[in-house]
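Here's the structure, in structure tokens; my notes come after.
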Amino acid sequence: MSERHIIICADDYGISPAVSAAIRDLIERRRINATSVMVAAPQFNRVEAAKLLHAAAKHAAVGLHVTLTAPFAPLSQNFAPLRHGAFLSLATLLRRAHLRALRPKLLTVEISRQFEAFAAAFGRPPDFVDGHHHVHLFPQIRDAVLRVTKDLAPNAWVRQCGQLSARRRLTDHKALLLDGMSRRFRRLAADHGLRTNPAFAGTYAFRSDAAYARLFATFLDRLPDGGVVMCHPGKVDAELKRLDHVTESREHEYAFFGGDKFARLLAEHGIKL
């Protein structure tokens, strides 16, 4: 079996101290090799950024996790529409994006502000760009994300979420939706001269009783060299419970990536980070 090198990316760095600490631990132990940062999270700060830079050194990529959904709030002034001072819910944002009912100029300003906050915290542009709840793939939002990336981080790659596994597309409705949006996203990224990952995996229902080790093996199915596996490892704390419904499954993922079964699966599939 020919050896493949893949990217395992932990989303949501910065969402809470416990999640951030768990991600840094896995990076330091070289169990994952990328993380995307929520600069809009209330408790993200330059101390958390410095800790991550130290952990990542030269063996892990650090990207921007563009955040545009509730309960998070914008970094820019006068952003609209809002609800009770926060971004819209995921369902409402997705519906408005498909209706082309968002305001492109305000999207561009907010996304630019998040890029600027990343550069201020890390001293450089992001290595790659993706989106919380995959918002970077949505109509209107994708145009703003790609324009701002081209202007502020032209050497970054942008995450597309097309999956090569037909079985996952047919059995996972979320994977099917992301695959459809990613086709257009890949074409637009190419028009902007931006690189994308060749394949993507990692979606599931985030149920606490999910057999994650078994799921992870399916993520590796047909994943080519350079493919990206999204993950959400972490520890649960009060801040995470306040901001997100994905809680216990993060601890299961954290335990899996830190354990022996993960290392064996990579070896069995001829995969390295």
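How things are named: the first chain in the structure tokens is A, the next is B, and so on; residues count from 1 in each chain; ligands count from 1 in the order shown.
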
Quick one: which segment 130-215 of chain A residues come within 9 Å of segment 220-237 of chain A, and what is the nearest atom pair for each with the distance in Å to one decimal, counting only C-alpha atoms, rows ordered by chain and ascending number, as JSON lines?
{"residue": "A:Arg159", "atom": "CA", "partner": "A:Val228", "partner_atom": "CA", "distance": 8.3}
{"residue": "A:Cys161", "atom": "CA", "partner": "A:Val228", "partner_atom": "CA", "distance": 8.7}
{"residue": "A:Gln163", "atom": "CA", "partner": "A:Leu223", "partner_atom": "CA", "distance": 8.5}
{"residue": "A:Leu164", "atom": "CA", "partner": "A:Arg222", "partner_atom": "CA", "distance": 6.7}
{"residue": "A:Ser165", "atom": "CA", "partner": "A:Arg222", "partner_atom": "CA", "distance": 6.6}
{"residue": "A:Asn197", "atom": "CA", "partner": "A:Gly227", "partner_atom": "CA", "distance": 6.0}
{"residue": "A:Pro198", "atom": "CA", "partner": "A:Gly227", "partner_atom": "CA", "distance": 5.6}
{"residue": "A:Ala199", "atom": "CA", "partner": "A:Gly227", "partner_atom": "CA", "distance": 4.7}
{"residue": "A:Phe200", "atom": "CA", "partner": "A:Val228", "partner_atom": "CA", "distance": 4.8}
{"residue": "A:Ala201", "atom": "CA", "partner": "A:Val229", "partner_atom": "CA", "distance": 4.8}
{"residue": "A:Gly202", "atom": "CA", "partner": "A:Met230", "partner_atom": "CA", "distance": 4.7}
{"residue": "A:Thr203", "atom": "CA", "partner": "A:Met230", "partner_atom": "CA", "distance": 7.3}

Could those residues be written to a file, using C-alpha atoms, as an mmCIF file, in the first residue's frame?
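Below is the file part.cif, written as the result:
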data_model
loop_
_atom_site.group_PDB
_atom_site.id
_atom_site.type_symbol
_atom_site.label_atom_id
_atom_site.label_comp_id
_atom_site.auth_asym_id
_atom_site.auth_seq_id
_atom_site.Cartn_x
_atom_site.Cartn_y
_atom_site.Cartn_z
ATOM 1 C CA ARG A 159 -11.219 24.036 2.790
ATOM 2 C CA CYS A 161 -15.828 19.657 1.807
ATOM 3 C CA GLN A 163 -16.224 13.681 -0.180
ATOM 4 C CA LEU A 164 -14.937 10.884 -2.392
ATOM 5 C CA SER A 165 -16.787 8.170 -0.504
ATOM 6 C CA ASN A 197 -7.716 20.313 -0.385
ATOM 7 C CA PRO A 198 -8.271 17.323 -2.709
ATOM 8 C CA ALA A 199 -10.811 15.597 -0.458
ATOM 9 C CA PHE A 200 -12.582 15.899 2.873
ATOM 10 C CA ALA A 201 -14.093 13.671 5.562
ATOM 11 C CA GLY A 202 -15.212 13.866 9.174
ATOM 12 C CA THR A 203 -18.940 14.608 9.239
#

Excluding same-chain residues fewer than 3 positions from segment 137-144 of chain A, what lies within 10 Å of it counting only C-alpha atoms, as number ranges by chain? A: 68, 93-112, 130-131, 133-134, 147-150, 159-161, 178-186, 188-189, 192

Tell me, counting only C-alpha atoms, for each residue of segment 25-102 of chain A within 12 Å of segment 260-268 of chain A, which pair of atoms is nearest and how far apart they are in Å to one decimal, in rows ordered by chain and increasing number, as a Markdown table.
| residue | atom | partner | partner_atom | distance |
| --- | --- | --- | --- | --- |
| A:Arg29 | CA | A:Ala263 | CA | 11.8 |
| A:Arg30 | CA | A:Ala263 | CA | 10.7 |
| A:Arg31 | CA | A:Ala263 | CA | 8.3 |
| A:Ile32 | CA | A:Phe262 | CA | 10.7 |

Emit the selected residues as a PDB file, in the first residue's frame, including all heavy atoms.
ATOM      1  N   ARG A  29       1.571  16.224  21.011  1.00  0.00           N
ATOM      2  CA  ARG A  29       1.841  14.795  20.924  1.00  0.00           C
ATOM      3  C   ARG A  29       1.851  14.290  19.484  1.00  0.00           C
ATOM      4  O   ARG A  29       2.025  13.104  19.242  1.00  0.00           O
ATOM      5  CB  ARG A  29       0.808  14.022  21.749  1.00  0.00           C
ATOM      6  CG  ARG A  29       0.906  14.316  23.243  1.00  0.00           C
ATOM      7  CD  ARG A  29      -0.362  13.944  23.980  1.00  0.00           C
ATOM      8  NE  ARG A  29      -0.650  12.516  23.882  1.00  0.00           N
ATOM      9  CZ  ARG A  29      -1.784  11.956  24.264  1.00  0.00           C
ATOM     10  NH1 ARG A  29      -2.761  12.711  24.767  1.00  0.00           N
ATOM     11  NH2 ARG A  29      -1.964  10.656  24.142  1.00  0.00           N
ATOM     12  N   ARG A  30       1.659  15.192  18.544  1.00  0.00           N
ATOM     13  CA  ARG A  30       1.670  14.912  17.107  1.00  0.00           C
ATOM     14  C   ARG A  30       0.616  13.878  16.730  1.00  0.00           C
ATOM     15  O   ARG A  30       0.835  13.028  15.863  1.00  0.00           O
ATOM     16  CB  ARG A  30       3.069  14.494  16.646  1.00  0.00           C
ATOM     17  CG  ARG A  30       4.116  15.532  17.032  1.00  0.00           C
ATOM     18  CD  ARG A  30       5.308  15.536  16.144  1.00  0.00           C
ATOM     19  NE  ARG A  30       6.196  16.643  16.509  1.00  0.00           N
ATOM     20  CZ  ARG A  30       7.148  17.127  15.725  1.00  0.00           C
ATOM     21  NH1 ARG A  30       7.340  16.608  14.530  1.00  0.00           N
ATOM     22  NH2 ARG A  30       7.900  18.129  16.123  1.00  0.00           N
ATOM     23  N   ARG A  31      -0.546  14.016  17.353  1.00  0.00           N
ATOM     24  CA  ARG A  31      -1.684  13.171  17.006  1.00  0.00           C
ATOM     25  C   ARG A  31      -2.579  13.848  15.964  1.00  0.00           C
ATOM     26  O   ARG A  31      -3.323  13.178  15.270  1.00  0.00           O
ATOM     27  CB  ARG A  31      -2.495  12.834  18.261  1.00  0.00           C
ATOM     28  CG  ARG A  31      -1.740  11.946  19.249  1.00  0.00           C
ATOM     29  CD  ARG A  31      -1.256  10.670  18.563  1.00  0.00           C
ATOM     30  NE  ARG A  31      -0.600   9.741  19.424  1.00  0.00           N
ATOM     31  CZ  ARG A  31      -1.172   8.621  19.902  1.00  0.00           C
ATOM     32  NH1 ARG A  31      -2.428   8.341  19.617  1.00  0.00           N
ATOM     33  NH2 ARG A  31      -0.481   7.802  20.652  1.00  0.00           N
ATOM     34  N   ILE A  32      -2.560  15.160  15.899  1.00  0.00           N
ATOM     35  CA  ILE A  32      -3.227  15.923  14.853  1.00  0.00           C
ATOM     36  C   ILE A  32      -2.236  16.954  14.339  1.00  0.00           C
ATOM     37  O   ILE A  32      -1.238  17.250  15.014  1.00  0.00           O
ATOM     38  CB  ILE A  32      -4.521  16.605  15.345  1.00  0.00           C
ATOM     39  CG1 ILE A  32      -4.210  17.609  16.450  1.00  0.00           C
ATOM     40  CG2 ILE A  32      -5.527  15.569  15.832  1.00  0.00           C
ATOM     41  CD1 ILE A  32      -5.420  18.427  16.897  1.00  0.00           C
TER      42      ILE A  32
END

Quick one: DSSP strand (DSSP E) residues in segment 154-263 of chain A, as a list in words? Trp157, Val158, Arg195, Thr196, Phe200, Ala201, Val228, Val229, Met230 and Cys231 of chain A

Would you output that residue set with C-alpha atoms, as a PDB file, in the first residue's frame?
ATOM      1  CA  TRP A 157      -5.561  27.169   1.091  1.00  0.00           C
ATOM      2  CA  VAL A 158      -9.322  27.084   1.593  1.00  0.00           C
ATOM      3  CA  ARG A 195      -5.709  26.212  -3.485  1.00  0.00           C
ATOM      4  CA  THR A 196      -8.176  23.694  -2.043  1.00  0.00           C
ATOM      5  CA  PHE A 200     -12.582  15.899   2.873  1.00  0.00           C
ATOM      6  CA  ALA A 201     -14.093  13.671   5.562  1.00  0.00           C
ATOM      7  CA  VAL A 228      -8.449  16.601   5.246  1.00  0.00           C
ATOM      8  CA  VAL A 229     -10.256  14.918   8.127  1.00  0.00           C
ATOM      9  CA  MET A 230     -12.219  17.375  10.262  1.00  0.00           C
ATOM     10  CA  CYS A 231     -12.518  16.582  13.968  1.00  0.00           C
TER      11      CYS A 231
END

Residues at most 10 Å from Ile27 of chain A, counting only C-alpha atoms, excluding those fewer than 6 positions away in the same chain, as a ChimeraX atom specification? /A:9-10,21,33-35,52,55-57,59-61

Skip Ala121 of chain A itself and residues of its chain fewer than 3 positions away, then list as a PyMOL selection string all residues within 12 Å of it, counting only C-alpha atoms. chain A and resi 14+37-40+44-53+62+64+114-118+124-126

Mind listing the helix (DSSP H, G or I) residues of segment 22-253 of chain A, per DSSP on the backbone, as a PDB file with C-alpha atoms, in the first residue's frame?
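Written output follows (selection00.pdb):
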ATOM      1  CA  ALA A  22      -7.090  19.503  24.590  1.00  0.00           C
ATOM      2  CA  ILE A  23      -6.277  20.550  21.024  1.00  0.00           C
ATOM      3  CA  ARG A  24      -2.845  21.825  22.052  1.00  0.00           C
ATOM      4  CA  ASP A  25      -2.173  18.546  23.837  1.00  0.00           C
ATOM      5  CA  LEU A  26      -2.934  16.510  20.709  1.00  0.00           C
ATOM      6  CA  ILE A  27      -0.789  18.820  18.565  1.00  0.00           C
ATOM      7  CA  GLU A  28       2.134  18.592  20.965  1.00  0.00           C
ATOM      8  CA  ARG A  46      -3.396  36.480  22.560  1.00  0.00           C
ATOM      9  CA  VAL A  47      -2.384  34.242  25.446  1.00  0.00           C
ATOM     10  CA  GLU A  48      -4.293  31.349  23.873  1.00  0.00           C
ATOM     11  CA  ALA A  49      -2.696  32.233  20.536  1.00  0.00           C
ATOM     12  CA  ALA A  50       0.817  32.220  22.012  1.00  0.00           C
ATOM     13  CA  LYS A  51       0.224  28.833  23.627  1.00  0.00           C
ATOM     14  CA  LEU A  52      -0.935  27.436  20.304  1.00  0.00           C
ATOM     15  CA  LEU A  53       2.033  28.845  18.397  1.00  0.00           C
ATOM     16  CA  HIS A  54       4.357  27.189  20.897  1.00  0.00           C
ATOM     17  CA  ALA A  55       2.544  23.852  20.587  1.00  0.00           C
ATOM     18  CA  ALA A  56       2.312  23.917  16.802  1.00  0.00           C
ATOM     19  CA  LEU A  90     -27.361  28.380  11.399  1.00  0.00           C
ATOM     20  CA  ALA A  91     -30.722  27.471   9.847  1.00  0.00           C
ATOM     21  CA  THR A  92     -31.711  31.107   9.326  1.00  0.00           C
ATOM     22  CA  LEU A  93     -28.309  32.052   7.908  1.00  0.00           C
ATOM     23  CA  LEU A  94     -28.374  29.126   5.473  1.00  0.00           C
ATOM     24  CA  ARG A  95     -31.870  30.048   4.289  1.00  0.00           C
ATOM     25  CA  ARG A  96     -31.013  33.727   3.808  1.00  0.00           C
ATOM     26  CA  ALA A  97     -27.783  32.863   2.014  1.00  0.00           C
ATOM     27  CA  HIS A  98     -29.624  30.677  -0.497  1.00  0.00           C
ATOM     28  CA  PRO A 104     -22.276  41.441   0.818  1.00  0.00           C
ATOM     29  CA  LYS A 105     -20.480  44.594   1.968  1.00  0.00           C
ATOM     30  CA  LEU A 106     -21.129  43.835   5.645  1.00  0.00           C
ATOM     31  CA  LEU A 107     -20.036  40.211   5.156  1.00  0.00           C
ATOM     32  CA  THR A 108     -16.778  41.402   3.621  1.00  0.00           C
ATOM     33  CA  VAL A 109     -16.128  43.836   6.470  1.00  0.00           C
ATOM     34  CA  GLU A 110     -16.806  41.230   9.171  1.00  0.00           C
ATOM     35  CA  ILE A 111     -14.732  38.497   7.524  1.00  0.00           C
ATOM     36  CA  SER A 112     -11.892  40.998   7.001  1.00  0.00           C
ATOM     37  CA  ARG A 113     -12.082  41.904  10.675  1.00  0.00           C
ATOM     38  CA  GLN A 114     -11.712  38.241  11.632  1.00  0.00           C
ATOM     39  CA  PHE A 115      -8.667  37.907   9.355  1.00  0.00           C
ATOM     40  CA  GLU A 116      -7.185  41.021  10.961  1.00  0.00           C
ATOM     41  CA  ALA A 117      -7.851  39.690  14.464  1.00  0.00           C
ATOM     42  CA  PHE A 118      -6.080  36.454  13.519  1.00  0.00           C
ATOM     43  CA  ALA A 119      -3.052  38.342  12.180  1.00  0.00           C
ATOM     44  CA  ALA A 120      -2.919  40.516  15.301  1.00  0.00           C
ATOM     45  CA  ALA A 121      -2.977  37.454  17.568  1.00  0.00           C
ATOM     46  CA  PHE A 122      -0.572  35.235  15.616  1.00  0.00           C
ATOM     47  CA  HIS A 132     -17.727  27.258  11.653  1.00  0.00           C
ATOM     48  CA  HIS A 133     -20.756  25.207  10.582  1.00  0.00           C
ATOM     49  CA  HIS A 134     -19.171  25.279   7.091  1.00  0.00           C
ATOM     50  CA  VAL A 135     -20.545  28.784   6.501  1.00  0.00           C
ATOM     51  CA  HIS A 136     -17.679  29.550   4.129  1.00  0.00           C
ATOM     52  CA  LEU A 137     -19.420  27.321   1.544  1.00  0.00           C
ATOM     53  CA  ILE A 141     -20.575  34.122   2.131  1.00  0.00           C
ATOM     54  CA  ARG A 142     -18.261  32.040  -0.059  1.00  0.00           C
ATOM     55  CA  ASP A 143     -17.748  35.003  -2.391  1.00  0.00           C
ATOM     56  CA  ALA A 144     -16.747  37.244   0.504  1.00  0.00           C
ATOM     57  CA  VAL A 145     -14.494  34.600   2.081  1.00  0.00           C
ATOM     58  CA  LEU A 146     -12.654  33.967  -1.180  1.00  0.00           C
ATOM     59  CA  ARG A 147     -12.202  37.675  -1.951  1.00  0.00           C
ATOM     60  CA  VAL A 148     -10.856  38.433   1.513  1.00  0.00           C
ATOM     61  CA  THR A 149      -8.580  35.381   1.490  1.00  0.00           C
ATOM     62  CA  LYS A 150      -7.184  36.445  -1.871  1.00  0.00           C
ATOM     63  CA  ASP A 151      -6.498  39.934  -0.500  1.00  0.00           C
ATOM     64  CA  LEU A 152      -5.257  39.151   3.027  1.00  0.00           C
ATOM     65  CA  ALA A 166     -20.110   7.517  -2.286  1.00  0.00           C
ATOM     66  CA  ARG A 167     -21.276   5.544   0.735  1.00  0.00           C
ATOM     67  CA  ARG A 168     -20.912   8.551   3.027  1.00  0.00           C
ATOM     68  CA  ARG A 169     -22.716  10.831   0.575  1.00  0.00           C
ATOM     69  CA  LEU A 170     -25.646   8.444   0.386  1.00  0.00           C
ATOM     70  CA  THR A 171     -25.915   7.722   4.111  1.00  0.00           C
ATOM     71  CA  HIS A 173     -27.399  13.964   4.490  1.00  0.00           C
ATOM     72  CA  LYS A 174     -24.978  16.574   5.791  1.00  0.00           C
ATOM     73  CA  ALA A 175     -22.188  15.107   3.661  1.00  0.00           C
ATOM     74  CA  LEU A 176     -24.457  15.226   0.612  1.00  0.00           C
ATOM     75  CA  LEU A 177     -25.297  18.911   1.210  1.00  0.00           C
ATOM     76  CA  LEU A 178     -21.653  19.842   1.734  1.00  0.00           C
ATOM     77  CA  ASP A 179     -20.633  17.934  -1.375  1.00  0.00           C
ATOM     78  CA  GLY A 180     -23.084  19.918  -3.481  1.00  0.00           C
ATOM     79  CA  MET A 181     -21.987  23.301  -2.134  1.00  0.00           C
ATOM     80  CA  SER A 182     -18.328  22.351  -2.468  1.00  0.00           C
ATOM     81  CA  ARG A 183     -18.536  21.817  -6.220  1.00  0.00           C
ATOM     82  CA  ARG A 184     -19.309  25.496  -6.762  1.00  0.00           C
ATOM     83  CA  PHE A 185     -16.836  26.532  -4.053  1.00  0.00           C
ATOM     84  CA  ARG A 186     -13.967  24.664  -5.746  1.00  0.00           C
ATOM     85  CA  ARG A 187     -14.648  26.386  -9.058  1.00  0.00           C
ATOM     86  CA  LEU A 188     -14.773  29.832  -7.452  1.00  0.00           C
ATOM     87  CA  ALA A 189     -11.591  29.181  -5.466  1.00  0.00           C
ATOM     88  CA  ALA A 190      -9.789  28.202  -8.673  1.00  0.00           C
ATOM     89  CA  ASP A 191     -11.031  31.403 -10.327  1.00  0.00           C
ATOM     90  CA  TYR A 212     -16.080   7.127  16.682  1.00  0.00           C
ATOM     91  CA  ALA A 213     -13.252   4.656  16.053  1.00  0.00           C
ATOM     92  CA  ARG A 214     -15.440   2.817  13.550  1.00  0.00           C
ATOM     93  CA  LEU A 215     -16.498   6.100  11.962  1.00  0.00           C
ATOM     94  CA  PHE A 216     -12.924   7.283  11.675  1.00  0.00           C
ATOM     95  CA  ALA A 217     -11.997   4.166   9.707  1.00  0.00           C
ATOM     96  CA  THR A 218     -14.689   5.099   7.163  1.00  0.00           C
ATOM     97  CA  PHE A 219     -13.278   8.639   6.973  1.00  0.00           C
ATOM     98  CA  ALA A 238     -18.830  25.622  31.452  1.00  0.00           C
ATOM     99  CA  GLU A 239     -17.908  27.920  28.568  1.00  0.00           C
ATOM    100  CA  LEU A 240     -18.306  25.157  26.010  1.00  0.00           C
ATOM    101  CA  LYS A 241     -21.716  24.218  27.436  1.00  0.00           C
ATOM    102  CA  ARG A 242     -22.747  27.866  27.207  1.00  0.00           C
ATOM    103  CA  LEU A 243     -21.744  28.232  23.567  1.00  0.00           C
ATOM    104  CA  GLU A 248     -19.573  14.884  25.200  1.00  0.00           C
ATOM    105  CA  SER A 249     -18.633  13.731  21.707  1.00  0.00           C
ATOM    106  CA  ARG A 250     -15.599  16.029  21.933  1.00  0.00           C
ATOM    107  CA  GLU A 251     -14.298  14.070  24.907  1.00  0.00           C
ATOM    108  CA  HIS A 252     -14.777  10.785  23.035  1.00  0.00           C
ATOM    109  CA  GLU A 253     -12.815  12.154  20.087  1.00  0.00           C
TER     110      GLU A 253
END

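Here atom CA of Ala156 of chain A and atom CA of Ile271 of chain A stand 23.7 Å from one another.
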
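When atom CA of Ala205 of chain A is paired with atom CA of Thr247 of chain A, their separation reads 12.2 Å.
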